[in-house]
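Below is input.txt, which holds compact mmCIF, C-alpha atoms.
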```
# COMPACT_ATOMS: atom_id res chain seq x y z
CA MET A 1 121.31 108.26 93.01
CA ASN A 2 124.71 107.40 94.33
CA PHE A 3 124.29 105.88 97.80
CA ASN A 4 127.96 105.97 98.74
CA SER A 5 129.36 105.03 102.11
CA THR A 6 129.65 108.63 103.33
CA ASP A 7 125.84 108.96 103.20
CA LEU A 8 125.19 105.80 105.19
CA ARG A 9 124.99 104.99 108.89
CA PRO A 10 124.72 101.54 110.56
CA PHE A 11 121.12 100.51 111.28
CA LEU A 12 120.96 96.72 111.80
CA THR A 13 122.80 93.52 111.01
CA CYS A 14 120.65 90.72 109.60
CA LYS A 15 121.21 87.09 108.68
CA ASP A 16 120.34 85.38 105.41
CA HIS A 17 117.99 82.75 106.85
CA MET A 18 117.13 81.13 103.51
CA VAL A 19 120.34 80.20 101.71
CA SER A 20 123.76 81.14 103.04
CA GLY A 21 123.51 81.95 106.74
CA GLU A 22 125.73 84.98 106.08
CA ASN A 23 125.31 88.30 107.86
CA PHE A 24 124.63 91.56 106.01
CA ASP A 25 124.52 95.11 107.32
CA LEU A 26 121.60 97.47 106.75
CA LEU A 27 122.86 101.02 106.33
CA HIS A 28 120.59 104.04 106.61
CA ASN A 29 120.59 106.85 104.07
CA SER A 30 118.98 109.79 105.86
CA GLU A 31 118.42 111.87 102.72
CA TYR A 32 116.04 109.28 101.26
CA ASP A 33 115.11 107.48 104.51
CA LEU A 34 116.27 104.33 102.77
CA LEU A 35 118.10 101.23 104.04
CA VAL A 36 120.81 99.72 101.87
CA THR A 37 122.01 96.11 102.14
CA SER A 38 125.79 95.85 102.50
CA PRO A 39 127.84 94.28 101.11
CA LYS A 40 125.84 94.25 97.88
CA PRO A 41 126.46 90.96 96.06
CA THR A 42 127.83 91.09 92.53
CA ALA A 43 125.37 90.32 89.72
CA GLU A 44 127.01 86.92 89.23
CA LYS A 45 126.79 85.98 92.90
CA LEU A 46 123.33 87.44 93.52
CA SER A 47 121.61 84.69 91.53
CA GLU A 48 123.08 82.11 93.93
CA TYR A 49 121.05 83.57 96.80
CA TYR A 50 117.81 82.71 94.98
CA LYS A 51 118.66 79.02 94.60
CA SER A 52 116.35 77.64 97.26
CA ASP A 53 113.17 75.58 97.18
CA ASP A 54 111.95 77.98 99.88
CA TYR A 55 111.93 80.93 97.47
CA ILE A 56 108.21 80.64 96.97
CA SER A 57 107.54 83.51 94.56
CA HIS A 58 109.36 81.46 91.90
CA THR A 59 107.22 78.38 92.60
CA ASP A 60 103.58 77.39 93.05
CA SER A 61 104.42 75.19 96.03
CA LYS A 62 101.78 74.26 98.62
CA LYS A 63 103.89 71.79 100.59
CA THR A 64 104.28 73.48 103.98
CA LEU A 65 102.19 75.68 106.26
CA PHE A 66 104.11 78.71 105.00
CA ASP A 67 103.47 77.70 101.40
CA LYS A 68 99.75 77.27 102.01
CA VAL A 69 99.42 80.56 103.86
CA TYR A 70 101.40 82.33 101.13
CA GLN A 71 99.25 80.91 98.32
CA LEU A 72 96.03 81.77 100.19
CA VAL A 73 97.17 85.32 100.85
CA LYS A 74 98.37 85.64 97.26
CA SER A 75 94.98 84.71 95.83
CA ILE A 76 93.23 87.29 98.03
CA MET A 77 95.79 89.97 97.25
CA LEU A 78 95.58 89.36 93.50
CA LYS A 79 91.93 90.42 93.57
CA LYS A 80 92.82 93.51 95.58
CA LYS A 81 95.55 94.45 93.11
CA ILE A 82 93.26 94.03 90.10
CA GLY A 83 90.66 96.16 91.89
CA LEU A 84 93.19 98.92 92.54
CA LEU A 85 94.38 98.79 88.93
CA GLU A 86 90.83 99.13 87.60
CA LYS A 87 90.02 101.92 90.03
CA HIS A 88 92.58 104.01 88.15
CA PHE A 89 91.87 102.48 84.71
CA PRO A 90 88.19 101.51 84.55
CA GLN A 91 88.47 101.21 80.75
CA LYS A 92 91.40 98.79 81.25
CA GLY A 93 94.17 98.81 78.65
CA LYS A 94 97.70 97.48 78.39
CA VAL A 95 99.57 96.37 81.52
CA LEU A 96 103.20 95.34 82.01
CA ASP A 97 104.08 93.31 85.10
CA ILE A 98 107.81 93.47 85.92
CA GLY A 99 109.03 90.57 88.04
CA ALA A 100 105.94 88.61 87.08
CA GLY A 101 106.96 85.42 88.91
CA THR A 102 104.80 82.48 87.83
CA GLY A 103 102.28 84.71 86.06
CA ASP A 104 99.29 84.61 88.40
CA PHE A 105 98.68 88.36 88.43
CA LEU A 106 98.81 88.57 84.64
CA LYS A 107 96.52 85.56 84.30
CA MET A 108 93.90 87.29 86.45
CA ALA A 109 94.41 90.60 84.59
CA LYS A 110 93.94 88.81 81.28
CA ASN A 111 90.72 87.21 82.51
CA SER A 112 89.56 90.69 83.55
CA GLY A 113 90.06 92.06 80.05
CA TRP A 114 93.54 93.60 80.14
CA LYS A 115 96.12 93.26 77.36
CA ILE A 116 98.99 91.70 79.24
CA HIS A 117 102.78 91.70 79.00
CA GLY A 118 105.34 90.59 81.55
CA ALA A 119 109.02 90.25 82.35
CA GLU A 120 110.60 87.72 84.70
CA PRO A 121 114.35 86.95 84.86
CA ASN A 122 113.95 83.56 86.56
CA LYS A 123 113.77 80.75 83.99
CA LYS A 124 111.92 78.31 86.27
CA ALA A 125 109.23 80.88 87.06
CA ARG A 126 108.83 81.74 83.35
CA GLU A 127 108.28 78.07 82.56
CA LEU A 128 105.58 77.75 85.24
CA ALA A 129 103.91 80.85 83.77
CA ARG A 130 104.11 79.36 80.26
CA GLN A 131 102.22 76.29 81.52
CA LYS A 132 99.41 78.74 82.42
CA LYS A 133 99.61 80.16 78.86
CA ILE A 134 101.28 83.35 80.14
CA ILE A 135 104.34 84.11 78.02
CA LEU A 136 106.94 86.28 79.76
CA ASN A 137 110.01 88.07 78.46
CA GLU A 138 113.24 87.73 80.39
CA HIS A 139 113.82 91.51 80.45
CA THR A 140 112.01 94.73 79.46
CA GLU A 141 114.58 96.18 77.04
CA ASN A 142 112.76 95.02 73.89
CA PHE A 143 109.43 96.61 74.77
CA PRO A 144 108.74 99.84 72.82
CA ASP A 145 108.70 103.33 74.34
CA SER A 146 105.49 104.82 75.80
CA ASN A 147 103.67 101.54 75.36
CA PHE A 148 101.82 100.78 78.62
CA ASP A 149 98.89 102.29 80.48
CA ALA A 150 99.97 100.63 83.73
CA ILE A 151 103.22 99.09 84.95
CA THR A 152 103.16 96.92 88.05
CA MET A 153 106.00 95.78 90.31
CA TRP A 154 104.66 93.62 93.12
CA HIS A 155 107.45 93.18 95.69
CA VAL A 156 110.11 93.56 93.01
CA LEU A 157 111.72 97.01 93.40
CA GLU A 158 113.59 95.89 96.52
CA HIS A 159 115.38 93.25 94.39
CA ILE A 160 116.61 95.59 91.61
CA PRO A 161 120.39 96.18 91.70
CA ASP A 162 120.32 99.55 89.89
CA LEU A 163 117.45 101.71 91.13
CA GLU A 164 118.21 104.71 88.94
CA LYS A 165 118.34 102.61 85.77
CA GLN A 166 115.05 100.92 86.71
CA LEU A 167 113.26 104.23 87.30
CA GLN A 168 114.47 105.50 83.93
CA GLU A 169 113.20 102.32 82.28
CA LEU A 170 109.77 102.77 83.89
CA ASP A 171 109.68 106.32 82.58
CA ARG A 172 110.57 105.08 79.09
CA LEU A 173 107.95 102.33 78.97
CA LEU A 174 104.97 104.19 80.42
CA LYS A 175 102.47 106.20 78.40
CA LYS A 176 102.28 109.90 79.20
CA ASP A 177 99.06 109.48 81.22
CA GLY A 178 99.96 106.08 82.63
CA ALA A 179 100.55 104.95 86.22
CA ILE A 180 103.05 102.81 88.09
CA PHE A 181 101.92 100.46 90.86
CA VAL A 182 104.73 99.48 93.26
CA ALA A 183 104.35 97.20 96.29
CA VAL A 184 107.25 97.00 98.76
CA PRO A 185 107.77 96.16 102.45
CA ASN A 186 107.78 99.10 104.86
CA PHE A 187 110.63 99.05 107.39
CA LYS A 188 108.77 101.71 109.42
CA SER A 189 105.96 99.27 110.27
CA TYR A 190 105.29 97.98 113.79
CA ASP A 191 106.15 94.37 112.86
CA ALA A 192 109.52 95.54 111.48
CA GLU A 193 110.26 97.41 114.71
CA HIS A 194 109.04 94.46 116.79
CA TYR A 195 111.16 91.79 115.11
CA GLN A 196 114.21 93.97 114.37
CA GLU A 197 116.95 91.86 112.74
CA PHE A 198 114.61 88.85 112.53
CA TRP A 199 112.01 90.69 110.41
CA ALA A 200 111.51 88.38 107.45
CA ALA A 201 110.86 91.20 104.99
CA TYR A 202 114.48 92.34 105.27
CA ASP A 203 115.29 89.07 103.43
CA VAL A 204 118.96 89.93 102.90
CA PRO A 205 120.68 89.88 100.47
CA ARG A 206 117.83 89.27 98.01
CA HIS A 207 116.33 92.55 99.19
CA LEU A 208 118.97 95.12 98.31
CA TRP A 209 116.89 98.14 99.37
CA HIS A 210 114.39 98.73 102.17
CA PHE A 211 111.86 101.50 101.67
CA SER A 212 109.74 103.90 103.66
CA LYS A 213 107.02 106.18 102.29
CA THR A 214 109.62 108.96 102.18
CA SER A 215 112.01 106.76 100.17
CA ILE A 216 109.46 106.01 97.46
CA SER A 217 108.28 109.61 97.20
CA LYS A 218 111.79 111.06 96.90
CA LEU A 219 113.16 108.40 94.57
CA PHE A 220 110.31 108.67 92.07
CA LYS A 221 110.42 112.47 92.13
CA LYS A 222 113.81 112.11 90.43
CA THR A 223 111.94 111.00 87.30
CA ASN A 224 109.03 113.44 87.80
CA PHE A 225 106.56 111.01 89.36
CA GLU A 226 104.29 111.98 92.26
CA LEU A 227 102.47 109.77 94.73
CA GLU A 228 98.83 109.53 93.74
CA GLU A 229 97.66 106.96 96.29
CA ILE A 230 98.96 104.62 99.00
CA ALA A 231 97.11 101.37 99.74
CA PRO A 232 97.86 98.84 102.50
CA LEU A 233 98.59 95.13 102.10
CA LYS A 234 97.21 94.08 105.47
CA PHE A 235 97.73 90.33 105.10
CA ASP A 236 101.48 90.85 104.74
CA ALA A 237 101.76 91.67 108.44
CA TYR A 238 100.51 88.19 109.35
CA TYR A 239 102.57 86.27 106.81
CA VAL A 240 105.76 88.22 107.51
CA SER A 241 105.24 87.80 111.27
CA LEU A 242 104.84 84.05 110.81
CA LEU A 243 108.19 83.86 109.00
CA SER A 244 109.80 86.27 111.47
CA GLU A 245 108.81 84.09 114.45
CA LYS A 246 110.53 81.15 112.78
CA HIS A 247 113.67 83.24 112.18
CA LYS A 248 113.66 84.39 115.81
CA THR A 249 112.78 81.19 117.66
CA GLY A 250 113.06 78.33 115.17
CA LYS A 251 109.33 77.67 115.62
CA SER A 252 106.24 78.89 113.80
CA ASN A 253 104.46 80.32 116.89
CA VAL A 254 101.25 80.94 114.95
CA ALA A 255 99.49 82.62 117.87
CA LYS A 256 102.33 85.06 118.54
CA ALA A 257 102.67 85.80 114.83
CA PHE A 258 98.95 86.46 114.47
CA TRP A 259 98.97 88.77 117.49
CA THR A 260 101.94 90.74 116.18
CA GLY A 261 100.36 91.03 112.74
CA PHE A 262 97.09 92.16 114.30
CA ARG A 263 98.83 94.79 116.45
CA SER A 264 100.79 96.01 113.45
CA ASN A 265 97.62 96.55 111.43
CA GLN A 266 95.83 98.19 114.36
CA LYS A 267 98.66 100.68 114.90
CA ALA A 268 98.84 101.35 111.17
CA LYS A 269 95.21 102.51 111.17
CA ARG A 270 96.55 105.70 112.76
CA THR A 271 99.92 105.96 111.03
CA ASN A 272 99.32 104.19 107.68
CA ALA A 273 102.66 102.44 108.36
CA TYR A 274 101.47 98.98 107.27
CA SER A 275 103.87 96.06 106.88
CA SER A 276 103.71 96.46 103.10
CA LEU A 277 102.27 99.26 100.99
CA ILE A 278 101.21 99.72 97.39
CA TYR A 279 102.23 103.08 95.91
CA VAL A 280 100.42 104.45 92.88
CA LEU A 281 102.59 106.97 91.02
CA LYS A 282 101.78 109.26 88.11
CA ARG A 283 103.72 111.94 86.26
CA HIS A 284 103.26 115.49 87.47
```

Structure rendered as structure tokens:
Amino acid sequence: MNFNSTDLRPFLTCKDHMVSGENFDLLHNSEYDLLVTSPKPTAEKLSEYYKSDDYISHTDSKKTLFDKVYQLVKSIMLKKKIGLLEKHFPQKGKVLDIGAGTGDFLKMAKNSGWKIHGAEPNKKARELARQKKIILNEHTENFPDSNFDAITMWHVLEHIPDLEKQLQELDRLLKKDGAIFVAVPNFKSYDAEHYQEFWAAYDVPRHLWHFSKTSISKLFKKTNFELEEIAPLKFDAYYVSLLSEKHKTGKSNVAKAFWTGFRSNQKAKRTNAYSSLIYVLKRH
């Protein structure tokens, strides 16, 4: 999966609203219907773009309106994710959460009867998880082959520098009859089209890739995975719109954000192009 410059066409230019204020280009790869952030920061520099108190997935903050909305939505979505997991694995089993953040998903999975494992590169997030008695590895390399019934990546794949290597690692870790659960933003959603360069889910340069349903299907086919199910994350439209309004106007504009999120979800009833989607993938 070599997304070289000859495959790419200009799509949008977006600003890093969280840390640097720098501009990054989004380039469209038509073969995969995938957007690529350019320039792609080096591994050494990339970590600098996460050094912000506003990067909430590495904290349990409830200080601001955004924090409170995020934590409320997160608690609702955790139940939905566990429900989807157990729809496919009613007998439960062993789950690996990659990019586990502060461990809330694994804590709920453990309470539901799953055998849990997790990986999270951010030291601060791992420490917060440890305080909840959730022990996370820094990386996945030391986990054995064919070891997990389910592997989850909740809003993580867009952060991974090497997509091909990550897909190969998922293939290595998963049992033959296992399933992968991937949640990512959908740049084909109404709220993405509405906010354009201010759409908060572009989140450059932390988000290195920007996916559509076509992107996910084609990328995973490279390692012999097929889409089994697509499920919406409807609350994301409201939260992302709230952040997008702030990017666009400097103000929260709760009413406008709610209306845009509502319209996005209404339109997606016909198209299934929700702001964020969960993809369930199994080997074919």

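Compared by their closest atoms to Ser112 of chain A, and using all atoms listed in the file, the residues A:Lys251, A:Lys92, A:Lys221, A:Arg126 rank with A:Lys92 nearest.
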
Point to revise | Nearby residues (only C-alpha atoms) at most 6 Å from segment 10-17 of chain A, same-chain spacing under 3 positions excluded, as number ranges by chain | key: A: 20-28, 197, 204

Store the residues picked out above in a file with C-alpha atoms, as a compact mmCIF listing (two decimals), keeping the file's coordinate frame.
```
# COMPACT_ATOMS: atom_id res chain seq x y z
CA SER A 20 123.76 81.14 103.04
CA GLY A 21 123.51 81.95 106.74
CA GLU A 22 125.73 84.98 106.08
CA ASN A 23 125.31 88.30 107.86
CA PHE A 24 124.63 91.56 106.01
CA ASP A 25 124.52 95.11 107.32
CA LEU A 26 121.60 97.47 106.75
CA LEU A 27 122.86 101.02 106.33
CA HIS A 28 120.59 104.04 106.61
CA GLU A 197 116.95 91.86 112.74
CA VAL A 204 118.96 89.93 102.90
```

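For the pair atom CA of Ser189 of chain A and atom CA of Phe89 of chain A, the separation is 29.4 Å.
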
Compile a residue-level contact table for segment 184-259 of chain A against segment 175-180 of chain A at a cut-off of 12 Å, reporting for every qualifying residue the shortest atom pair and its distance in Å to one decimal, with all atoms listed in the file counted, rows ordered by chain and ascending number, as a tab-separated table.
```
residue	atom	partner	partner_atom	distance
A:Ile216	CA	A:Ile180	CA	11.8
A:Phe220	CA	A:Ile180	CA	10.1
A:Asn224	CA	A:Lys176	CA	11.5
A:Phe225	CA	A:Ile180	CA	9.0
A:Glu226	CA	A:Ala179	CA	10.0
A:Leu227	CA	A:Ile180	CA	9.6
A:Glu228	CA	A:Ala179	CA	9.0
A:Glu229	CA	A:Ile180	CA	10.7
A:Ile230	CA	A:Ile180	CA	11.8
```

Do you have, as JSON lines, the list of residues of segment 132-224 of chain A lying at most 12 Å from segment 274-282 of chain A, each with its nearest atom pair and that distance in Å to one decimal, counting all atoms listed in the file and ordered by chain then number?
```
{"residue": "A:Asp149", "atom": "CA", "partner": "A:Lys282", "partner_atom": "CA", "distance": 10.7}
{"residue": "A:Ala150", "atom": "CA", "partner": "A:Lys282", "partner_atom": "CA", "distance": 9.8}
{"residue": "A:Ile151", "atom": "CA", "partner": "A:Leu281", "partner_atom": "CA", "distance": 10.0}
{"residue": "A:Thr152", "atom": "CA", "partner": "A:Val280", "partner_atom": "CA", "distance": 9.4}
{"residue": "A:Met153", "atom": "CA", "partner": "A:Ile278", "partner_atom": "CA", "distance": 9.4}
{"residue": "A:Trp154", "atom": "CA", "partner": "A:Ile278", "partner_atom": "CA", "distance": 8.2}
{"residue": "A:His155", "atom": "CA", "partner": "A:Ser276", "partner_atom": "CA", "distance": 8.9}
{"residue": "A:Val156", "atom": "CA", "partner": "A:Ile278", "partner_atom": "CA", "distance": 11.7}
{"residue": "A:Leu157", "atom": "CA", "partner": "A:Tyr279", "partner_atom": "CA", "distance": 11.5}
{"residue": "A:Glu158", "atom": "CA", "partner": "A:Ser276", "partner_atom": "CA", "distance": 11.9}
{"residue": "A:Leu167", "atom": "CA", "partner": "A:Leu281", "partner_atom": "CA", "distance": 11.6}
{"residue": "A:Leu170", "atom": "CA", "partner": "A:Leu281", "partner_atom": "CA", "distance": 11.0}
{"residue": "A:Asp171", "atom": "CA", "partner": "A:Lys282", "partner_atom": "CA", "distance": 10.1}
{"residue": "A:Leu174", "atom": "CA", "partner": "A:Lys282", "partner_atom": "CA", "distance": 9.7}
{"residue": "A:Lys175", "atom": "CA", "partner": "A:Lys282", "partner_atom": "CA", "distance": 10.2}
{"residue": "A:Lys176", "atom": "CA", "partner": "A:Lys282", "partner_atom": "CA", "distance": 8.9}
{"residue": "A:Asp177", "atom": "CA", "partner": "A:Lys282", "partner_atom": "CA", "distance": 7.4}
{"residue": "A:Gly178", "atom": "CA", "partner": "A:Lys282", "partner_atom": "CA", "distance": 6.6}
{"residue": "A:Ala179", "atom": "CA", "partner": "A:Lys282", "partner_atom": "CA", "distance": 4.9}
{"residue": "A:Ile180", "atom": "CA", "partner": "A:Leu281", "partner_atom": "CA", "distance": 5.1}
{"residue": "A:Phe181", "atom": "CA", "partner": "A:Val280", "partner_atom": "CA", "distance": 4.7}
{"residue": "A:Val182", "atom": "CA", "partner": "A:Tyr279", "partner_atom": "CA", "distance": 5.1}
{"residue": "A:Ala183", "atom": "CA", "partner": "A:Ile278", "partner_atom": "CA", "distance": 4.2}
{"residue": "A:Val184", "atom": "CA", "partner": "A:Ser276", "partner_atom": "CA", "distance": 5.6}
{"residue": "A:Pro185", "atom": "CA", "partner": "A:Ser276", "partner_atom": "CA", "distance": 4.1}
{"residue": "A:Asn186", "atom": "CA", "partner": "A:Ser276", "partner_atom": "CA", "distance": 5.2}
{"residue": "A:Phe187", "atom": "CA", "partner": "A:Ser275", "partner_atom": "CA", "distance": 7.4}
{"residue": "A:Lys188", "atom": "CA", "partner": "A:Ser275", "partner_atom": "CA", "distance": 7.9}
{"residue": "A:Ser189", "atom": "CA", "partner": "A:Ser275", "partner_atom": "CA", "distance": 5.1}
{"residue": "A:Tyr190", "atom": "CA", "partner": "A:Ser275", "partner_atom": "CA", "distance": 7.3}
{"residue": "A:Asp191", "atom": "CA", "partner": "A:Ser275", "partner_atom": "CA", "distance": 6.6}
{"residue": "A:Ala192", "atom": "CA", "partner": "A:Ser275", "partner_atom": "CA", "distance": 7.3}
{"residue": "A:Glu193", "atom": "CA", "partner": "A:Ser275", "partner_atom": "CA", "distance": 10.2}
{"residue": "A:His194", "atom": "CA", "partner": "A:Ser275", "partner_atom": "CA", "distance": 11.3}
{"residue": "A:Tyr195", "atom": "CA", "partner": "A:Ser275", "partner_atom": "CA", "distance": 11.8}
{"residue": "A:Trp199", "atom": "CA", "partner": "A:Ser275", "partner_atom": "CA", "distance": 10.4}
{"residue": "A:Ala200", "atom": "CA", "partner": "A:Ser275", "partner_atom": "CA", "distance": 10.8}
{"residue": "A:Ala201", "atom": "CA", "partner": "A:Ser275", "partner_atom": "CA", "distance": 8.7}
{"residue": "A:Tyr202", "atom": "CA", "partner": "A:Ser275", "partner_atom": "CA", "distance": 11.4}
{"residue": "A:His210", "atom": "CA", "partner": "A:Ser276", "partner_atom": "CA", "distance": 11.0}
{"residue": "A:Phe211", "atom": "CA", "partner": "A:Ser276", "partner_atom": "CA", "distance": 9.7}
{"residue": "A:Ser212", "atom": "CA", "partner": "A:Leu277", "partner_atom": "CA", "distance": 9.2}
{"residue": "A:Lys213", "atom": "CA", "partner": "A:Leu277", "partner_atom": "CA", "distance": 8.5}
{"residue": "A:Thr214", "atom": "CA", "partner": "A:Tyr279", "partner_atom": "CA", "distance": 11.3}
{"residue": "A:Ser215", "atom": "CA", "partner": "A:Tyr279", "partner_atom": "CA", "distance": 11.3}
{"residue": "A:Ile216", "atom": "CA", "partner": "A:Tyr279", "partner_atom": "CA", "distance": 8.0}
{"residue": "A:Ser217", "atom": "CA", "partner": "A:Leu281", "partner_atom": "CA", "distance": 8.8}
{"residue": "A:Lys218", "atom": "CA", "partner": "A:Leu281", "partner_atom": "CA", "distance": 11.7}
{"residue": "A:Leu219", "atom": "CA", "partner": "A:Leu281", "partner_atom": "CA", "distance": 11.2}
{"residue": "A:Phe220", "atom": "CA", "partner": "A:Leu281", "partner_atom": "CA", "distance": 8.0}
{"residue": "A:Lys221", "atom": "CA", "partner": "A:Leu281", "partner_atom": "CA", "distance": 9.6}
{"residue": "A:Thr223", "atom": "CA", "partner": "A:Lys282", "partner_atom": "CA", "distance": 10.3}
{"residue": "A:Asn224", "atom": "CA", "partner": "A:Lys282", "partner_atom": "CA", "distance": 8.4}
```

Exercise for review: List the neighbours of Val19 of chain A out to 12 Å using all atoms listed in the file; skip same-chain residues closer than 3 positions along the sequence, and give me the result as a list in words.
Suggested key: Lys15, Asp16, Glu22, Asn23, Leu46, Ser47, Glu48, Tyr49, Tyr50, Lys51, Ser52, Asp53, Asp54, Tyr55, Asp203, Val204, Pro205 and Arg206 of chain A

Practice item. Point out the residue among A:His159, A:Arg172, A:Lys74, A:Lys110 with the least atom-to-atom distance to Trp209 of chain A, counting all atoms listed in the file. Key: A:His159

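When all atoms listed in the file are used to measure the gap to Leu78 of chain A, the shortest distance among A:Lys132, A:Ser241, A:Pro41, A:Ala109 belongs to A:Ala109.
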
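Considering only C-alpha atoms, the residue among A:Tyr32, A:Met108, A:Leu173, A:Ile76 positioned nearest to Lys222 of chain A is A:Tyr32.
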
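Comparing the minimum interatomic distances between Asn265 of chain A and each of A:Leu242, A:Phe235, A:Leu35, A:Ser252, counting only C-alpha atoms, we find that A:Phe235 sits nearest.
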
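Rounded to one decimal, atom CA of His247 of chain A and atom CA of Thr42 of chain A lie 25.5 Å from each other.
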
Study note, to complete from the structure: Between atom CA of Phe198 of chain A and atom CA of Gln266 of chain A lies a distance of 21.1 Å

Practice item. May I ask which of the residues A:Pro121, A:Ile98, A:Tyr239, A:Ala255 is the closest one to Lys68 of chain A, counting only C-alpha atoms? Key: A:Tyr239
